[in-house]
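Source file: entry21.csv (CSV, C-alpha atoms and all ligand atoms)
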```csv
chain,number,residue,atom,x,y,z
A,1,MET,CA,-19.9,1.6,10.1
A,2,ASN,CA,-22.9,0.9,12.4
A,3,ILE,CA,-22.8,1.6,16.2
A,4,PHE,CA,-22.0,-1.9,17.1
A,5,ASP,CA,-19.0,-2.0,14.8
A,6,LYS,CA,-17.9,1.4,16.1
A,7,LEU,CA,-18.0,0.0,19.7
A,8,VAL,CA,-16.1,-3.1,18.6
A,9,VAL,CA,-13.4,-1.0,16.9
A,10,LEU,CA,-13.1,1.3,20.0
A,11,SER,CA,-12.6,-1.7,22.2
A,12,LEU,CA,-9.8,-3.2,20.0
A,13,PRO,CA,-6.8,-1.5,21.8
A,14,PHE,CA,-7.9,-3.2,25.0
A,15,ALA,CA,-8.0,-6.7,23.5
A,16,PRO,CA,-5.2,-9.0,24.5
A,17,LYS,CA,-2.3,-8.8,21.9
A,18,ALA,CA,-2.2,-12.6,21.5
A,19,LEU,CA,-5.9,-12.7,20.5
A,20,VAL,CA,-5.5,-9.9,18.0
A,21,LYS,CA,-2.6,-11.7,16.5
A,22,LYS,CA,-4.5,-14.9,16.2
A,23,PHE,CA,-7.2,-13.2,14.1
A,24,ALA,CA,-5.2,-10.5,12.4
A,25,GLY,CA,-2.1,-12.7,11.8
A,26,ARG,CA,-3.2,-13.2,8.2
A,27,TYR,CA,-2.5,-9.5,7.5
A,28,ILE,CA,1.1,-9.7,8.5
A,29,ALA,CA,4.1,-11.8,7.4
A,30,GLY,CA,5.5,-12.3,10.9
A,31,GLU,CA,7.9,-10.3,12.9
A,32,THR,CA,11.3,-11.4,11.4
A,33,LEU,CA,13.0,-11.0,8.0
A,34,GLU,CA,13.1,-14.8,7.7
A,35,GLU,CA,9.3,-15.2,8.3
A,36,MET,CA,8.6,-12.5,5.8
A,37,LEU,CA,10.9,-14.1,3.2
A,38,ASP,CA,9.0,-17.3,3.7
A,39,THR,CA,5.7,-15.6,2.9
A,40,VAL,CA,7.2,-14.0,-0.2
A,41,ARG,CA,8.7,-17.3,-1.4
A,42,GLN,CA,5.2,-18.9,-1.1
A,43,LEU,CA,3.5,-16.1,-2.9
A,44,ASN,CA,6.0,-16.2,-5.7
A,45,GLY,CA,5.4,-19.9,-5.9
A,46,GLN,CA,1.7,-19.1,-6.6
A,47,GLY,CA,2.7,-16.6,-9.3
A,48,ILE,CA,2.1,-13.5,-7.1
A,49,MET,CA,4.6,-10.7,-6.8
A,50,ALA,CA,5.2,-8.9,-3.5
A,51,THR,CA,6.0,-5.4,-2.2
A,52,ILE,CA,7.6,-5.6,1.2
A,53,ASP,CA,6.8,-3.1,4.0
A,54,LEU,CA,8.7,-2.8,7.2
A,55,LEU,CA,6.1,-1.9,9.9
A,56,GLY,CA,6.6,1.2,12.0
A,57,GLU,CA,5.7,4.6,10.7
A,58,PHE,CA,6.3,7.1,13.5
A,59,ILE,CA,9.9,7.7,14.7
A,60,HIS,CA,11.3,10.2,17.2
A,61,GLN,CA,15.1,10.0,16.5
A,62,PRO,CA,17.2,10.2,13.3
A,63,SER,CA,18.9,7.0,14.5
A,64,GLU,CA,15.6,5.2,14.2
A,65,ALA,CA,15.3,6.3,10.5
A,66,ARG,CA,18.8,5.1,9.8
A,67,GLN,CA,18.0,1.8,11.6
A,68,ALA,CA,14.9,1.3,9.5
A,69,ALA,CA,16.8,2.1,6.3
A,70,GLY,CA,19.4,-0.6,7.4
A,71,VAL,CA,16.6,-3.2,7.6
A,72,TYR,CA,15.3,-2.2,4.2
A,73,LYS,CA,18.9,-2.7,2.8
A,74,SER,CA,18.9,-6.2,4.2
A,75,ILE,CA,15.5,-6.8,2.5
A,76,LEU,CA,16.9,-5.6,-0.8
A,77,GLU,CA,20.0,-7.9,-0.4
A,78,ALA,CA,17.7,-10.8,0.4
A,79,ILE,CA,15.4,-10.1,-2.6
A,80,ALA,CA,18.5,-10.0,-4.9
A,81,ARG,CA,20.2,-13.0,-3.3
A,82,GLU,CA,17.1,-15.2,-3.6
A,83,ARG,CA,16.0,-13.7,-6.9
A,84,LEU,CA,12.5,-13.0,-5.5
A,85,ASP,CA,9.8,-11.3,-7.5
A,86,ALA,CA,9.5,-8.5,-5.0
A,87,ASN,CA,10.1,-4.8,-4.4
A,88,ILE,CA,9.9,-2.5,-1.4
A,89,SER,CA,7.3,0.0,-0.1
A,90,VAL,CA,8.7,2.7,2.1
A,91,LYS,CA,6.9,5.4,4.2
A,92,LEU,CA,8.9,8.6,4.3
A,93,THR,CA,7.9,9.4,7.9
A,94,GLN,CA,9.8,6.2,8.9
A,95,MET,CA,12.8,7.7,7.0
A,96,GLY,CA,12.6,10.9,9.0
A,97,LEU,CA,10.4,13.2,6.9
A,98,LEU,CA,8.9,14.8,9.9
A,99,LEU,CA,12.2,15.2,11.7
A,100,ASP,CA,14.5,16.6,9.0
A,101,LYS,CA,13.7,16.7,5.3
A,102,THR,CA,17.4,16.8,4.3
A,103,LEU,CA,18.1,13.7,6.4
A,104,CYS,CA,15.1,11.9,4.8
A,105,TYR,CA,16.3,12.8,1.3
A,106,GLU,CA,19.8,11.5,2.1
A,107,ILE,CA,18.5,8.2,3.5
A,108,MET,CA,16.1,7.7,0.5
A,109,ASP,CA,18.8,8.7,-2.0
A,110,GLU,CA,21.1,6.0,-0.6
A,111,LEU,CA,18.3,3.4,-0.4
A,112,VAL,CA,17.0,4.0,-4.0
A,113,SER,CA,20.6,4.0,-5.3
A,114,THR,CA,21.3,0.6,-3.6
A,115,ALA,CA,18.0,-0.7,-5.0
A,116,ALA,CA,18.9,0.6,-8.5
A,117,LYS,CA,22.2,-1.3,-8.4
A,118,LEU,CA,20.3,-4.5,-7.5
A,119,ARG,CA,17.6,-3.7,-10.1
A,120,ILE,CA,14.8,-3.5,-7.5
A,121,PHE,CA,12.0,-1.0,-7.6
A,122,VAL,CA,11.2,1.3,-4.6
A,123,ARG,CA,7.6,2.4,-4.0
A,124,ILE,CA,7.0,5.5,-1.8
A,125,ASP,CA,3.8,4.9,0.2
A,126,MET,CA,1.5,8.0,0.6
A,127,GLU,CA,0.7,9.0,4.2
A,128,ASP,CA,-1.7,11.6,5.6
A,129,SER,CA,-2.3,14.9,3.9
A,130,ALA,CA,0.2,16.8,6.0
A,131,CYS,CA,2.9,14.8,4.2
A,132,THR,CA,1.5,14.9,0.6
A,133,THR,CA,3.3,18.0,-0.7
A,134,ASP,CA,6.7,17.0,0.8
A,135,THR,CA,6.3,13.3,-0.3
A,136,ILE,CA,5.7,14.4,-3.9
A,137,ALA,CA,8.6,16.9,-3.9
A,138,LEU,CA,11.0,14.3,-2.5
A,139,TYR,CA,9.8,11.7,-5.0
A,140,MET,CA,10.3,14.1,-7.9
A,141,LYS,CA,13.8,14.9,-6.8
A,142,LEU,CA,14.6,11.2,-6.6
A,143,ARG,CA,12.9,10.4,-9.9
A,144,ARG,CA,15.0,12.9,-11.8
A,145,GLN,CA,18.0,10.8,-10.7
A,146,TYR,CA,16.6,7.2,-10.7
A,147,ASP,CA,14.1,5.2,-12.8
A,148,ASN,CA,13.4,2.6,-10.1
A,149,VAL,CA,11.2,4.8,-7.9
A,150,GLY,CA,7.4,5.3,-7.9
A,151,ILE,CA,4.8,7.0,-5.8
A,152,VAL,CA,1.3,6.3,-4.4
A,153,LEU,CA,-1.6,8.7,-5.0
A,154,GLN,CA,-4.9,8.6,-3.2
A,155,ALA,CA,-8.2,9.0,-5.0
A,156,TYR,CA,-10.0,10.5,-2.0
A,157,LEU,CA,-7.9,13.7,-2.0
A,158,ARG,CA,-9.4,16.6,-4.0
A,159,ARG,CA,-5.9,17.6,-5.1
A,160,THR,CA,-4.9,14.2,-6.6
A,161,LEU,CA,-6.0,14.6,-10.2
A,162,GLN,CA,-4.0,17.8,-10.4
A,163,ASP,CA,-1.0,16.1,-8.7
A,164,ALA,CA,-1.1,13.2,-11.1
A,165,ARG,CA,-1.2,15.6,-14.1
A,166,LEU,CA,1.7,17.8,-12.7
A,167,ILE,CA,3.9,14.7,-12.0
A,168,MET,CA,3.2,13.3,-15.5
A,169,LYS,CA,4.0,16.7,-17.1
A,170,ASP,CA,7.2,16.9,-15.2
A,171,LEU,CA,8.2,13.4,-16.2
A,172,ASP,CA,7.4,14.2,-19.8
A,173,LYS,CA,10.2,16.8,-19.7
A,174,ILE,CA,12.7,14.0,-18.9
A,175,GLN,CA,11.1,11.7,-21.5
A,176,SER,CA,9.8,9.4,-18.8
A,177,LYS,CA,6.4,7.8,-18.0
A,178,GLY,CA,4.9,7.7,-14.5
A,179,ASN,CA,4.8,4.6,-12.3
A,180,PHE,CA,2.0,5.0,-9.8
A,181,ARG,CA,0.1,3.0,-7.2
A,182,LEU,CA,-3.4,4.3,-7.2
A,183,CYS,CA,-5.5,3.6,-4.1
A,184,LYS,CA,-8.4,5.2,-2.3
A,185,GLY,CA,-6.5,6.5,0.7
A,186,ILE,CA,-6.7,5.2,4.2
A,187,TYR,CA,-6.3,8.2,6.6
A,188,VAL,CA,-9.1,10.2,8.1
A,189,GLU,CA,-9.0,13.5,6.2
A,190,PRO,CA,-11.1,16.7,6.6
A,191,ARG,CA,-13.8,17.4,4.1
A,192,PRO,CA,-12.1,20.4,2.5
A,193,LEU,CA,-9.2,18.2,1.5
A,194,ALA,CA,-10.9,14.9,0.7
A,195,TRP,CA,-14.2,13.5,-0.7
A,196,LYS,CA,-16.2,11.6,1.9
A,197,ASP,CA,-18.7,10.0,-0.3
A,198,HIS,CA,-17.7,6.5,-1.3
A,199,ALA,CA,-19.4,6.6,-4.7
A,200,LEU,CA,-17.5,9.9,-5.5
A,201,ILE,CA,-14.2,8.5,-4.4
A,202,ASN,CA,-14.8,5.5,-6.7
A,203,LYS,CA,-15.6,7.9,-9.6
A,204,ASN,CA,-12.5,9.9,-8.9
A,205,PHE,CA,-10.4,6.7,-8.8
A,206,THR,CA,-11.6,5.7,-12.2
A,207,PHE,CA,-11.2,9.2,-13.6
A,208,ILE,CA,-7.5,9.4,-12.4
A,209,LEU,CA,-6.8,5.9,-13.5
A,210,GLU,CA,-7.9,6.8,-17.0
A,211,GLU,CA,-5.7,10.0,-17.0
A,212,MET,CA,-2.8,7.8,-16.1
A,213,PHE,CA,-3.5,5.2,-18.8
A,214,LYS,CA,-3.9,8.0,-21.3
A,215,GLN,CA,-0.4,9.2,-20.5
A,216,GLN,CA,0.9,5.6,-20.7
A,217,ALA,CA,1.9,5.5,-17.1
A,218,TYR,CA,2.4,2.1,-15.4
A,219,VAL,CA,-0.2,1.8,-12.7
A,220,GLY,CA,-0.5,-0.5,-9.7
A,221,ILE,CA,-4.3,-0.6,-9.3
A,222,ALA,CA,-4.6,-1.1,-5.5
A,223,THR,CA,-8.1,-2.0,-4.5
A,224,HIS,CA,-10.2,-4.9,-3.2
A,225,ASN,CA,-13.4,-3.2,-4.4
A,226,GLU,CA,-15.0,-5.2,-7.2
A,227,ALA,CA,-16.7,-2.2,-8.7
A,228,LEU,CA,-13.3,-0.6,-9.1
A,229,VAL,CA,-11.7,-3.8,-10.4
A,230,TRP,CA,-14.5,-3.9,-13.0
A,231,GLU,CA,-13.8,-0.2,-14.0
A,232,ALA,CA,-10.1,-1.0,-14.2
A,233,LEU,CA,-10.7,-4.0,-16.5
A,234,ARG,CA,-13.0,-1.9,-18.7
A,235,LEU,CA,-10.2,0.7,-19.1
A,236,ILE,CA,-7.5,-1.9,-19.6
A,237,ASP,CA,-9.7,-3.3,-22.4
A,238,GLN,CA,-10.4,0.2,-23.8
A,239,TYR,CA,-6.8,1.2,-23.9
A,240,ARG,CA,-5.7,-2.2,-25.2
A,241,LEU,CA,-3.1,-2.6,-22.5
A,242,LYS,CA,-0.8,-5.6,-22.5
A,243,LYS,CA,-0.5,-7.7,-19.4
A,244,ASP,CA,2.9,-6.1,-18.5
A,245,GLU,CA,1.6,-2.5,-18.8
A,246,TYR,CA,-0.3,-2.5,-15.4
A,247,GLU,CA,-0.7,-4.6,-12.3
A,248,PHE,CA,-3.3,-5.2,-9.6
A,249,GLN,CA,-2.3,-4.8,-6.0
A,250,MET,CA,-3.9,-6.1,-2.9
A,251,LEU,CA,-3.1,-6.3,0.8
A,252,LEU,CA,-1.9,-9.6,2.3
A,253,GLY,CA,-4.8,-11.4,3.9
A,254,VAL,CA,-7.6,-9.5,2.2
A,255,ASP,CA,-10.1,-11.2,-0.2
A,256,PRO,CA,-8.1,-14.2,-1.4
A,257,GLU,CA,-11.0,-15.1,-3.7
A,258,LEU,CA,-10.7,-11.8,-5.6
A,259,ARG,CA,-7.0,-12.4,-5.7
A,260,ASN,CA,-7.5,-15.8,-7.4
A,261,LEU,CA,-10.1,-14.4,-9.9
A,262,LEU,CA,-7.5,-11.8,-11.0
A,263,LEU,CA,-4.7,-14.4,-11.3
A,264,ASP,CA,-7.1,-16.7,-13.3
A,265,GLY,CA,-7.8,-13.8,-15.6
A,266,GLY,CA,-4.0,-13.7,-16.4
A,267,HIS,CA,-3.4,-10.3,-14.7
A,268,ARG,CA,-0.2,-9.4,-12.9
A,269,LEU,CA,-0.9,-9.3,-9.1
A,270,ARG,CA,1.3,-7.9,-6.3
A,271,LEU,CA,0.5,-8.3,-2.6
A,272,TYR,CA,1.5,-5.8,0.0
A,273,VAL,CA,3.5,-7.8,2.6
A,274,PRO,CA,4.0,-6.0,5.9
A,275,PHE,CA,6.2,-7.5,8.6
A,276,GLY,CA,8.0,-6.5,11.7
A,277,LYS,CA,7.7,-6.0,15.5
A,278,ASP,CA,5.2,-3.1,15.1
A,279,TRP,CA,2.5,-5.4,13.8
A,280,PHE,CA,-0.1,-4.5,16.5
A,281,ALA,CA,-0.9,-1.0,15.2
A,282,TYR,CA,-1.1,-2.2,11.6
A,283,CYS,CA,-3.4,-5.1,12.5
A,284,THR,CA,-5.7,-2.8,14.5
A,285,ARG,CA,-5.9,-0.5,11.5
A,286,ARG,CA,-6.9,-3.5,9.2
A,287,LEU,CA,-9.5,-4.6,11.7
A,288,LYS,CA,-10.9,-1.1,11.9
A,289,GLU,CA,-11.5,-1.3,8.2
A,290,ASN,CA,-13.2,-4.7,8.4
A,291,PRO,CA,-15.1,-4.8,11.7
A,292,SER,CA,-16.6,-8.2,10.8
A,293,ILE,CA,-13.3,-9.7,11.7
A,294,ALA,CA,-13.0,-7.5,14.8
A,295,ARG,CA,-16.4,-8.7,15.8
A,296,HIS,CA,-15.1,-12.3,15.9
A,297,ILE,CA,-12.3,-11.1,18.2
A,298,LEU,CA,-14.7,-9.4,20.6
A,299,LYS,CA,-17.1,-12.4,20.5
A,300,ASN,CA,-14.2,-14.7,21.4
A,301,LEU,CA,-13.2,-12.4,24.3
A,302,PHE,CA,-16.5,-13.1,26.0
A,303,THR,CA,-17.2,-16.6,24.8
A,304,PRO,CA,-15.8,-19.7,26.6
A,305,SER,CA,-13.3,-21.5,24.3
A,306,HIS,CA,-15.2,-24.8,24.3
A,307,ILE,CA,-18.1,-23.2,22.4
A,308,GLN,CA,-16.0,-21.1,20.0
A,309,ARG,CA,-16.0,-21.8,16.3
A,310,THR,CA,-13.0,-21.4,14.0
A,311,PRO,CA,-13.6,-18.3,11.8
B,401,LIG,P1,-13.2,-0.8,-0.1
B,401,LIG,O1,-12.8,0.0,1.0
B,401,LIG,O2,-14.4,-0.6,-0.8
B,401,LIG,O3,-13.0,-2.3,0.3
B,401,LIG,C1,-13.6,-3.4,-0.5
B,401,LIG,C2,-13.7,-4.6,0.5
B,401,LIG,O4,-12.4,-5.1,0.8
B,401,LIG,C3,-14.3,-4.2,1.9
B,401,LIG,O5,-15.6,-4.5,1.9
B,401,LIG,C4,-13.5,-5.0,2.9
B,401,LIG,O6,-14.2,-6.2,3.2
B,401,LIG,C5,-12.3,-5.4,2.2
B,401,LIG,N1,-11.1,-4.6,2.7
B,401,LIG,C6,-10.6,-3.5,2.1
B,401,LIG,N2,-9.5,-3.1,2.7
B,401,LIG,C7,-9.4,-3.9,3.8
B,401,LIG,C8,-8.5,-3.9,4.8
B,401,LIG,N3,-7.5,-3.1,4.9
B,401,LIG,N4,-8.6,-4.9,5.7
B,401,LIG,C9,-9.6,-5.8,5.7
B,401,LIG,N5,-10.5,-5.8,4.7
B,401,LIG,C10,-10.4,-4.9,3.7
B,401,LIG,N6,-3.6,3.8,1.5
B,401,LIG,C11,-2.9,4.9,1.7
B,401,LIG,O7,-3.4,5.9,2.1
B,401,LIG,N7,-1.6,5.0,1.3
B,401,LIG,C12,-0.9,3.9,0.8
B,401,LIG,O8,0.3,4.1,0.4
B,401,LIG,C13,-1.6,2.7,0.6
B,401,LIG,N8,-1.0,1.7,0.0
B,401,LIG,C14,-1.8,0.5,-0.3
B,401,LIG,C15,-1.3,-0.5,-1.0
B,401,LIG,C16,-2.0,-1.6,-1.4
B,401,LIG,C17,-1.4,-2.7,-2.2
B,401,LIG,C18,-3.4,-1.6,-1.1
B,401,LIG,C19,-4.3,-2.7,-1.6
B,401,LIG,C20,-4.0,-0.5,-0.4
B,401,LIG,C21,-3.2,0.5,0.0
B,401,LIG,N9,-3.7,1.6,0.7
B,401,LIG,C22,-3.0,2.7,0.9
B,401,LIG,C23,-5.1,1.4,1.3
B,401,LIG,C24,-6.2,2.0,0.4
B,401,LIG,O9,-6.1,3.4,0.4
B,401,LIG,C25,-7.6,1.6,1.0
B,401,LIG,O10,-7.8,2.2,2.2
B,401,LIG,C26,-7.9,0.2,1.1
B,401,LIG,O11,-7.4,-0.6,0.0
B,401,LIG,C27,-9.4,0.0,1.1
B,401,LIG,O12,-10.0,0.4,-0.1
B,401,LIG,P2,-10.5,-0.5,-1.3
B,401,LIG,O13,-10.3,0.2,-2.6
B,401,LIG,O14,-9.8,-1.8,-1.2
B,401,LIG,O15,-12.1,-0.6,-1.3
```
Represent the structure of the file as structure tokens.
Amino acid sequence: MNIFDKLVVLSLPFAPKALVKKFAGRYIAGETLEEMLDTVRQLNGQGIMATIDLLGEFIHQPSEARQAAGVYKSILEAIARERLDANISVKLTQMGLLLDKTLCYEIMDELVSTAAKLRIFVRIDMEDSACTTDTIALYMKLRRQYDNVGIVLQAYLRRTLQDARLIMKDLDKIQSKGNFRLCKGIYVEPRPLAWKDHALINKNFTFILEEMFKQQAYVGIATHNEALVWEALRLIDQYRLKKDEYEFQMLLGVDPELRNLLLDGGHRLRLYVPFGKDWFAYCTRRLKENPSIARHILKNLFTPSHIQRTP
């Protein structure tokens, strides 16, 4: 990121919320359950699957975790009622991981069990490295009981290849295959824990993806990076995978052209559909990753509306 983009990103928290929403609105599916369902219906109509995320990671009280789990249950019921092609993505910190691990497990156990009865899959998102070990442990405990749960692994972490191998070895013992989402990783991690070089992260992504395919795991290949998409297509071809043995995953609002290219190629595609009242922090994070959009916002802050162009 160049200095100008850094300045843009630093000024984002001070931008008026309404303006951020106008530009970043494409990354979120609204604030309410109904708005989100509308987005999912539209995506399904275009042959795109969804994974639904209720925004709001950090909580301070157990009651907030129970409340968030309650919203997820309403989402599960709506998916089943409307027969939507969708599952849910859950962050364990939102379910109380940092407050009380036992509480977090109890909440997740109930949520995954409800989802299992409705035949809906639950994806556990991966958060920053302080949560990795506990997230994997809780996932494995759930996985021994339920088939409908999977985890996310991040290619930028030095530990991930080993984690993937250990998880797949453990699953082998219960005659099961892994179901992963593989992504680069979005948090700022220290060098001893994570690779910093983009080319190395890409290499590691491809290396881990191949390990997963070798073990016949189902992988949600979560990237908007065309070089990685190419590597994934190469491996899909090499391992002669059928269309229902993997899927591509992208974030709502990011690179619709790549999304269409994948769909036209006949690949399964799932979009990450975040919604909820906590949209501001999420949008700011998206904008930090793509400062060219943030630049538009800043430009508009200082440009009279009569000479603004639509982005
Ligand atoms: P790269 O960073 O090379 O991006 C390629 C291009 O896509 C960029 O040039 C940019 O224009 C555009 N782009 C990428 N990401 C963008 C964004 N967010 N906003 C705007 N433009 C963007 N991470 C994590 O730590 N834990 C998790 O659980 C998840 N879950 C997850 C689910 C899904 C479906 C996706 C697609 C991604 C995640 N991530 C995640 C985020 C992931 O780790 C990563 O940070 C981003 O996907 C960016 O990396 P890319 O591989 O897309 O490539």
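Of note, atom CA of A:Thr223 and atom CA of A:Leu182 are spaced 8.3 Å apart.
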**OP:** Around ligand LIG 401 (chain B), at most 7 Å away and counting only C-alpha atoms and all ligand atoms, which residues are there? Put them as a PyMOL selection string, please.
**Re:** chain A and resi 125-128+152+154+183-187+222-225+249-251+254-255+271-272+286-287+289-290
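Minimum atom-to-atom distances from A:Lys214, A:Met140, A:Gly96, A:Ile79 to A:Ala115 were compared using all atoms listed in the file, and the lowest value belongs to A:Ile79.
Those DNA, RNA and protein residues that approach the point (7.1, -6.1, 12.0) to within 7 Å, considering all atoms listed in the file, are Gly30, Glu31, Thr32, Leu54, Leu55, Pro274, Phe275, Gly276, Lys277, Asp278 and Trp279 of chain A.
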Proximity of stretch 44-124 of chain A to stretch 217-221 of chain A: per-residue shortest pair, 12 Å limit, all atoms listed in the file, as a tab-separated table:
```
residue	atom	partner	partner_atom	distance
A:Met49	CA	A:Gly220	CA	11.8
A:Ala50	CA	A:Gly220	CA	11.9
A:Thr51	CA	A:Gly220	CA	11.1
A:Arg123	CA	A:Gly220	CA	10.3
```
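By chain and then residue number, the residues within 10 Å of A:Leu99 are Ile59, His60, Gln61, Pro62, Ala65, Thr93, Gln94, Met95, Gly96, Thr102, Leu103 and Cys104 of chain A, counting all atoms listed in the file and disregarding those fewer than 3 positions away in sequence.
The set of protein, DNA and RNA residues with any counted atom at most 10 Å from (-10.6, 16.6, 2.7) (only C-alpha atoms) reads Ser129, Tyr156, Leu157, Arg158, Arg159, Val188, Glu189, Pro190, Arg191, Pro192, Leu193, Ala194, Trp195 and Lys196 of chain A.
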Write a file of the just-selected residues containing C-alpha atoms, as a CSV table (one decimal), in the coordinates of the input.
```csv
chain,number,residue,atom,x,y,z
A,129,SER,CA,-2.3,14.9,3.9
A,156,TYR,CA,-10.0,10.5,-2.0
A,157,LEU,CA,-7.9,13.7,-2.0
A,158,ARG,CA,-9.4,16.6,-4.0
A,159,ARG,CA,-5.9,17.6,-5.1
A,188,VAL,CA,-9.1,10.2,8.1
A,189,GLU,CA,-9.0,13.5,6.2
A,190,PRO,CA,-11.1,16.7,6.6
A,191,ARG,CA,-13.8,17.4,4.1
A,192,PRO,CA,-12.1,20.4,2.5
A,193,LEU,CA,-9.2,18.2,1.5
A,194,ALA,CA,-10.9,14.9,0.7
A,195,TRP,CA,-14.2,13.5,-0.7
A,196,LYS,CA,-16.2,11.6,1.9
```
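Nearest residue to A:Leu261 among A:Val122, A:Val229, A:Val149, A:Leu138 is A:Val229, counting only C-alpha atoms.
The shortest atom-to-atom distance to A:Glu210, with all atoms listed in the file taken into account, belongs to A:Ala164 out of A:Ile174, A:Leu142, A:Ala164, A:Ala137.
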**OP:** Pick out the residues sitting within 9 Å of A:Ala232, and hand them over as an MDAnalysis selection string; count only C-alpha atoms, and ignore anything fewer than 3 positions along from it in its own chain.
**Re:** chainID A and resid 206 209:210 221 227:229 235:237
Original post:
Separation of atom CA of A:Cys283 and atom CA of A:Ile88, in Å?
Top reply: 19.4 Å
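With all atoms listed in the file as the basis for measurement, A:Val273 is the residue among A:Val273, A:Ile167, A:Ile151, A:Leu233 that approaches A:Ala86 most closely.
Atom to atom, atom CA of A:Glu247 and atom CA of A:Arg268 stand 4.9 Å apart.
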Mind checking which residues fall within 8 Å of A:Gly150, counting all atoms listed in the file, ignoring those fewer than 6 positions away in the same chain, and posting them as a compact mmCIF listing (two decimals) with C-alpha atoms, keeping the file's coordinate frame?
```
# COMPACT_ATOMS: atom_id res chain seq x y z
CA PHE A 121 12.00 -1.00 -7.60
CA VAL A 122 11.20 1.30 -4.60
CA ARG A 123 7.60 2.40 -4.00
CA ILE A 124 7.00 5.50 -1.80
CA TYR A 139 9.80 11.70 -5.00
CA ARG A 143 12.90 10.40 -9.90
CA GLY A 178 4.90 7.70 -14.50
CA ASN A 179 4.80 4.60 -12.30
CA PHE A 180 2.00 5.00 -9.80
CA ARG A 181 0.10 3.00 -7.20
```
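Across A:Asp264, A:Glu257, A:Glu35, A:Asp134, the tightest approach to A:Asp100 is made by A:Asp134 when counting all atoms listed in the file.
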**OP:** Give me the residues within 12 Å of A:Ala116 as a PyMOL selection string, counting only C-alpha atoms and dropping any in the same chain fewer than 3 places off.
**Re:** chain A and resi 73+76-77+80+87-88+108-113+119-122+142-143+145-149
Kindly reconstruct stretch 194-205 of chain A with N, CA, C and O atoms and present the result as a PDB file, in the frame of the given file.
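The file below, result-v7.pdb, is the result:
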```
ATOM      1  N   ALA A 194     -10.641  16.191   1.302  1.00  0.00           N
ATOM      2  CA  ALA A 194     -10.900  14.900   0.700  1.00  0.00           C
ATOM      3  C   ALA A 194     -12.426  14.648   0.544  1.00  0.00           C
ATOM      4  O   ALA A 194     -13.233  15.135   1.335  1.00  0.00           O
ATOM      5  N   TRP A 195     -12.757  13.912  -0.513  1.00  0.00           N
ATOM      6  CA  TRP A 195     -14.200  13.500  -0.700  1.00  0.00           C
ATOM      7  C   TRP A 195     -14.499  12.487   0.396  1.00  0.00           C
ATOM      8  O   TRP A 195     -13.656  11.679   0.786  1.00  0.00           O
ATOM      9  N   LYS A 196     -15.731  12.542   0.855  1.00  0.00           N
ATOM     10  CA  LYS A 196     -16.200  11.600   1.900  1.00  0.00           C
ATOM     11  C   LYS A 196     -17.110  10.564   1.347  1.00  0.00           C
ATOM     12  O   LYS A 196     -17.279   9.513   1.931  1.00  0.00           O
ATOM     13  N   ASP A 197     -17.738  10.894   0.233  1.00  0.00           N
ATOM     14  CA  ASP A 197     -18.700  10.000  -0.300  1.00  0.00           C
ATOM     15  C   ASP A 197     -18.056   8.860  -1.098  1.00  0.00           C
ATOM     16  O   ASP A 197     -17.247   9.095  -1.994  1.00  0.00           O
ATOM     17  N   HIS A 198     -18.406   7.605  -0.717  1.00  0.00           N
ATOM     18  CA  HIS A 198     -17.700   6.500  -1.300  1.00  0.00           C
ATOM     19  C   HIS A 198     -17.880   6.381  -2.820  1.00  0.00           C
ATOM     20  O   HIS A 198     -16.941   6.051  -3.546  1.00  0.00           O
ATOM     21  N   ALA A 199     -19.115   6.709  -3.289  1.00  0.00           N
ATOM     22  CA  ALA A 199     -19.400   6.600  -4.700  1.00  0.00           C
ATOM     23  C   ALA A 199     -18.510   7.661  -5.473  1.00  0.00           C
ATOM     24  O   ALA A 199     -17.952   7.378  -6.544  1.00  0.00           O
ATOM     25  N   LEU A 200     -18.364   8.854  -4.867  1.00  0.00           N
ATOM     26  CA  LEU A 200     -17.500   9.900  -5.500  1.00  0.00           C
ATOM     27  C   LEU A 200     -16.067   9.503  -5.533  1.00  0.00           C
ATOM     28  O   LEU A 200     -15.368   9.737  -6.528  1.00  0.00           O
ATOM     29  N   ILE A 201     -15.619   8.894  -4.435  1.00  0.00           N
ATOM     30  CA  ILE A 201     -14.200   8.500  -4.400  1.00  0.00           C
ATOM     31  C   ILE A 201     -13.958   7.419  -5.481  1.00  0.00           C
ATOM     32  O   ILE A 201     -12.952   7.473  -6.190  1.00  0.00           O
ATOM     33  N   ASN A 202     -14.920   6.514  -5.648  1.00  0.00           N
ATOM     34  CA  ASN A 202     -14.800   5.500  -6.700  1.00  0.00           C
ATOM     35  C   ASN A 202     -14.726   6.169  -8.091  1.00  0.00           C
ATOM     36  O   ASN A 202     -13.920   5.799  -8.939  1.00  0.00           O
ATOM     37  N   LYS A 203     -15.616   7.178  -8.296  1.00  0.00           N
ATOM     38  CA  LYS A 203     -15.600   7.900  -9.600  1.00  0.00           C
ATOM     39  C   LYS A 203     -14.264   8.544  -9.831  1.00  0.00           C
ATOM     40  O   LYS A 203     -13.716   8.517 -10.937  1.00  0.00           O
ATOM     41  N   ASN A 204     -13.749   9.184  -8.773  1.00  0.00           N
ATOM     42  CA  ASN A 204     -12.500   9.900  -8.900  1.00  0.00           C
ATOM     43  C   ASN A 204     -11.337   8.903  -9.192  1.00  0.00           C
ATOM     44  O   ASN A 204     -10.425   9.187  -9.969  1.00  0.00           O
ATOM     45  N   PHE A 205     -11.394   7.729  -8.535  1.00  0.00           N
ATOM     46  CA  PHE A 205     -10.400   6.700  -8.800  1.00  0.00           C
ATOM     47  C   PHE A 205     -10.356   6.336 -10.256  1.00  0.00           C
ATOM     48  O   PHE A 205      -9.293   6.306 -10.890  1.00  0.00           O
TER      49      PHE A 205
END
```
